[in-house]
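Reproduced below: final22.csv, with CSV, C-alpha atoms.
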```csv
chain,number,residue,atom,x,y,z
P,1057,MET,CA,2.6,-17.5,4.9
P,1058,SER,CA,-1.1,-16.7,4.3
P,1059,VAL,CA,-2.2,-19.4,6.8
P,1060,ARG,CA,0.4,-18.2,9.4
P,1061,GLN,CA,-0.8,-14.6,8.9
P,1062,ARG,CA,-4.5,-15.6,9.3
P,1063,LEU,CA,-3.7,-17.5,12.5
P,1064,GLN,CA,-1.8,-14.6,14.0
P,1065,ARG,CA,-4.5,-12.0,12.9
P,1066,LYS,CA,-7.6,-14.1,13.2
P,1067,LYS,CA,-9.1,-11.7,15.7
P,1068,ASP,CA,-8.4,-8.7,13.4
P,1069,ILE,CA,-10.2,-10.2,10.3
P,1070,VAL,CA,-13.6,-8.7,9.8
P,1071,GLN,CA,-14.5,-10.1,6.4
P,1072,SER,CA,-13.0,-12.2,3.6
P,1073,GLY,CA,-13.7,-11.5,0.0
P,1074,ASP,CA,-11.1,-13.7,-1.6
P,1075,LYS,CA,-13.5,-16.0,-3.6
P,1076,LYS,CA,-10.6,-18.5,-3.9
P,1077,SER,CA,-8.6,-16.1,-6.0
P,1078,VAL,CA,-5.5,-17.0,-4.1
P,1079,TRP,CA,-5.8,-20.6,-5.1
P,1080,TYR,CA,-6.6,-19.7,-8.7
P,1081,LEU,CA,-3.6,-17.4,-8.8
P,1082,LEU,CA,-1.3,-20.1,-7.2
P,1083,LEU,CA,-2.5,-22.6,-9.8
P,1084,LEU,CA,-1.8,-20.3,-12.7
P,1085,ILE,CA,1.6,-19.4,-11.3
P,1086,ALA,CA,2.5,-23.0,-10.9
P,1087,LEU,CA,1.4,-23.6,-14.5
P,1088,GLY,CA,3.5,-20.7,-15.7
P,1089,TYR,CA,6.6,-22.0,-13.9
P,1090,TYR,CA,6.0,-25.5,-15.2
P,1091,LEU,CA,5.6,-24.4,-18.8
P,1092,ALA,CA,8.4,-21.9,-18.6
P,1093,PHE,CA,11.0,-24.3,-17.2
P,1094,ARG,CA,9.7,-27.1,-19.4
P,1095,PHE,CA,10.4,-25.1,-22.5
P,1096,GLY,CA,13.5,-23.5,-21.0
P,1097,MET,CA,15.2,-26.9,-20.9
P,1098,THR,CA,14.7,-27.5,-24.6
P,1099,LYS,CA,16.3,-25.9,-27.7
P,1100,VAL,CA,12.8,-24.9,-28.9
P,1101,GLY,CA,12.6,-21.1,-28.6
P,1102,ARG,CA,16.2,-20.8,-27.3
P,1103,ILE,CA,17.9,-17.5,-27.4
P,1104,TYR,CA,21.6,-18.1,-27.7
P,1105,HIS,CA,22.9,-14.9,-26.0
P,1106,TRP,CA,21.9,-16.5,-22.7
P,1107,ASN,CA,24.3,-14.5,-20.6
P,1108,ILE,CA,22.7,-11.2,-21.6
P,1109,PHE,CA,19.2,-12.5,-21.1
P,1110,PHE,CA,20.2,-14.1,-17.7
P,1111,ALA,CA,21.5,-10.7,-16.6
P,1112,ILE,CA,18.3,-8.9,-17.8
P,1113,GLY,CA,16.2,-11.5,-16.1
P,1114,ALA,CA,18.1,-11.2,-12.8
P,1115,PHE,CA,17.8,-7.4,-13.0
P,1116,LEU,CA,14.1,-7.5,-13.6
P,1117,SER,CA,13.7,-9.9,-10.7
P,1118,VAL,CA,15.5,-7.6,-8.4
P,1119,VAL,CA,13.5,-4.6,-9.6
P,1120,GLY,CA,10.2,-6.5,-9.1
P,1121,LEU,CA,11.3,-7.6,-5.6
P,1122,VAL,CA,12.1,-4.0,-4.6
P,1123,ILE,CA,8.7,-2.8,-5.9
P,1124,ARG,CA,6.9,-5.7,-4.0
P,1125,ILE,CA,8.7,-5.0,-0.8
P,1126,ALA,CA,8.1,-1.3,-1.0
P,1127,ALA,CA,4.3,-2.0,-1.6
P,1128,ILE,CA,4.2,-4.3,1.5
P,1129,LEU,CA,6.1,-1.8,3.7
P,1130,THR,CA,3.7,0.9,2.6
P,1131,LEU,CA,0.7,-1.1,3.6
P,1132,LYS,CA,2.2,-2.2,6.9
P,1133,GLN,CA,-0.4,-3.9,9.1
P,1134,HIS,CA,-3.0,-3.6,6.2
P,1135,PHE,CA,-1.1,-6.1,4.1
P,1136,THR,CA,-2.7,-9.5,3.7
P,1137,TYR,CA,-2.1,-12.4,1.3
P,1138,THR,CA,-5.8,-12.9,0.8
P,1139,VAL,CA,-8.5,-10.4,-0.1
P,1140,THR,CA,-9.6,-9.6,3.5
P,1141,LYS,CA,-11.0,-6.7,5.4
P,1142,ILE,CA,-9.3,-6.2,8.8
P,1143,GLU,CA,-10.2,-4.1,11.8
P,1144,ASP,CA,-9.5,-0.3,11.2
P,1145,HIS,CA,-9.2,-0.9,7.5
P,1146,GLU,CA,-8.4,2.2,5.6
P,1147,LEU,CA,-7.5,3.2,2.1
P,1148,ILE,CA,-3.7,3.6,1.6
P,1149,ASP,CA,-2.8,6.1,-1.2
P,1150,THR,CA,0.8,6.9,-0.3
P,1151,GLY,CA,4.1,5.7,-1.8
P,1152,LEU,CA,3.6,3.7,-5.0
P,1153,TYR,CA,-0.1,3.6,-4.2
P,1154,ARG,CA,-0.3,7.2,-5.3
P,1155,ILE,CA,0.3,6.1,-8.9
P,1156,ILE,CA,-1.1,2.6,-9.1
P,1157,ARG,CA,-3.6,0.5,-7.1
P,1158,HIS,CA,-1.7,-2.7,-7.1
P,1159,PRO,CA,2.1,-2.2,-7.0
P,1160,GLY,CA,2.6,-5.4,-5.1
P,1161,TYR,CA,1.1,-7.3,-8.0
P,1162,LEU,CA,3.2,-5.3,-10.5
P,1163,GLY,CA,6.3,-6.3,-8.5
P,1164,GLN,CA,5.3,-10.0,-8.6
P,1165,VAL,CA,4.6,-9.9,-12.4
P,1166,ILE,CA,8.0,-8.3,-13.0
P,1167,ILE,CA,9.7,-11.0,-10.9
P,1168,PHE,CA,8.0,-13.7,-13.0
P,1169,ILE,CA,9.0,-12.0,-16.2
P,1170,GLY,CA,12.5,-11.7,-14.9
P,1171,ALA,CA,12.7,-15.4,-14.0
P,1172,ALA,CA,11.4,-16.4,-17.4
P,1173,THR,CA,13.8,-14.0,-19.2
P,1174,ALA,CA,16.7,-15.5,-17.3
P,1175,LEU,CA,15.9,-18.9,-19.0
P,1176,SER,CA,16.8,-17.3,-22.4
P,1177,ASN,CA,13.9,-18.8,-24.2
P,1178,TRP,CA,11.1,-16.8,-25.9
P,1179,LEU,CA,8.6,-19.6,-25.3
P,1180,SER,CA,9.4,-19.6,-21.6
P,1181,ILE,CA,8.7,-15.9,-21.4
P,1182,VAL,CA,5.3,-16.3,-23.2
P,1183,PHE,CA,4.3,-19.3,-21.2
P,1184,MET,CA,5.2,-17.6,-17.9
P,1185,VAL,CA,3.6,-14.3,-18.7
P,1186,ILE,CA,0.2,-15.5,-20.0
P,1187,PRO,CA,-1.0,-17.6,-17.1
P,1188,VAL,CA,0.5,-15.3,-14.4
P,1189,LEU,CA,-1.0,-12.2,-15.9
P,1190,CYS,CA,-4.4,-14.0,-16.2
P,1191,GLY,CA,-4.2,-14.9,-12.6
P,1192,TYR,CA,-3.3,-11.4,-11.4
P,1193,LEU,CA,-5.9,-9.8,-13.6
P,1194,TYR,CA,-8.6,-12.0,-12.1
P,1195,ARG,CA,-7.3,-11.3,-8.6
P,1196,ILE,CA,-7.4,-7.6,-9.2
P,1197,ARG,CA,-11.0,-7.8,-10.3
P,1198,VAL,CA,-12.0,-9.7,-7.2
P,1199,GLU,CA,-10.0,-7.3,-5.0
P,1200,GLU,CA,-11.4,-4.2,-6.5
P,1201,LYS,CA,-15.0,-5.3,-6.2
P,1202,PHE,CA,-14.4,-6.2,-2.6
P,1203,MET,CA,-12.7,-2.8,-1.9
P,1204,ILE,CA,-15.6,-0.9,-3.5
P,1205,ARG,CA,-18.0,-2.8,-1.2
P,1206,GLN,CA,-15.9,-2.1,1.8
P,1207,LEU,CA,-14.7,1.5,1.2
P,1208,GLY,CA,-17.5,2.7,-1.2
P,1209,THR,CA,-17.0,6.1,-2.9
P,1210,ASN,CA,-13.5,6.6,-1.4
P,1211,TYR,CA,-12.3,3.7,-3.4
P,1212,VAL,CA,-14.2,4.7,-6.5
P,1213,GLU,CA,-12.6,8.2,-6.3
P,1214,TYR,CA,-9.2,6.5,-5.8
P,1215,GLN,CA,-9.8,4.4,-8.9
P,1216,LYS,CA,-10.4,7.6,-10.9
P,1217,LYS,CA,-7.0,9.0,-9.8
P,1218,THR,CA,-4.9,5.9,-10.4
P,1219,LYS,CA,-4.2,3.1,-12.8
P,1220,ARG,CA,-4.5,-0.6,-11.9
P,1221,LEU,CA,-1.1,-2.1,-12.7
P,1222,ILE,CA,1.0,-0.1,-15.1
P,1223,PRO,CA,1.6,3.6,-14.2
P,1224,TRP,CA,-0.2,6.0,-16.6
P,1225,ILE,CA,-1.2,3.2,-18.9
P,1226,TYR,CA,-3.4,0.5,-17.3
```

Can you give me the file's structure in the form of structure tokens?
Amino acid sequence: MSVRQRLQRKKDIVQSGDKKSVWYLLLLIALGYYLAFRFGMTKVGRIYHWNIFFAIGAFLSVVGLVIRIAAILTLKQHFTYTVTKIEDHELIDTGLYRIIRHPGYLGQVIIFIGAATALSNWLSIVFMVIPVLCGYLYRIRVEEKFMIRQLGTNYVEYQKKTKRLIPWIY
């Protein structure tokens, strides 16, 4: 999707600041999925109330998807899959962006936690969350440095008013 978006918007892209974070993130997500499903297929770490955990996992995945879609719809044409400055780039601080700076990433993390929880295995949850969270935390650092360079004091002031990923906490 990122490649398709870049081809469609190539003329709008002013500057990229991704620093390969998208590839690092994808690698860690793939690792998280591999480990989560690898342990999810074994009895090691198994939680035997699987139907309850499956329901909780499915619910979390839906909640995460709703948050992710709301974040994308709020950004509209400013949404990109890579860290990129486009023409007429502006700071969006409405919707979920009033509370946290990266609601799309929060939605994704909740989806991954939900998928791992649905496997009914404690080790699956741990091995999904650790690499995925590391990938998104790196991506957030790259993106925030880029946004400060692009938007300057406006973004610094926005950082003072909002949390990164978890409302009122972090």

Self-check item: Proximity to Glu1199 in chain P - best of P:Asn1177, P:Thr1140, P:Asn1107, P:Ser1117, only C-alpha atoms
Solution: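 Among the listed residues, the smallest separation from Glu1199 in chain P belongs to P:Thr1140.
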
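The shortest atom-to-atom distance to Thr1150 in chain P, with only C-alpha atoms taken into account, belongs to P:Leu1131 out of P:Leu1175, P:Leu1131, P:Val1185, P:Val1198.
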
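When all atoms listed in the file are used to compute distances to Phe1109 in chain P, the closest of the residues P:Tyr1226, P:Tyr1194, P:Tyr1211, P:Trp1178 turns out to be P:Trp1178.
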
Quiz prompt | Polymer residues at most 6 Å from Ile1156 in chain P, all atoms listed in the file, same-chain spacing of 6 or more positions, as number ranges by chain | solution = P: 1218-1221, 1223

Exercise. Kindly give the distance, in Å, that separates CA of Ile1128 in chain P and CA of Ala1174 in chain P, rounded to a single decimal.
Key: 25.2 Å

Box dimensions and centre (Å, one decimal) enclosing range 1150-1156 of chain P, axis-aligned, 3 Å extra per side, as lines of an AutoDock Vina configuration file:
```
center_x = 1.5
center_y = 4.9
center_z = -4.7
size_x = 11.2
size_y = 10.6
size_z = 14.8
```
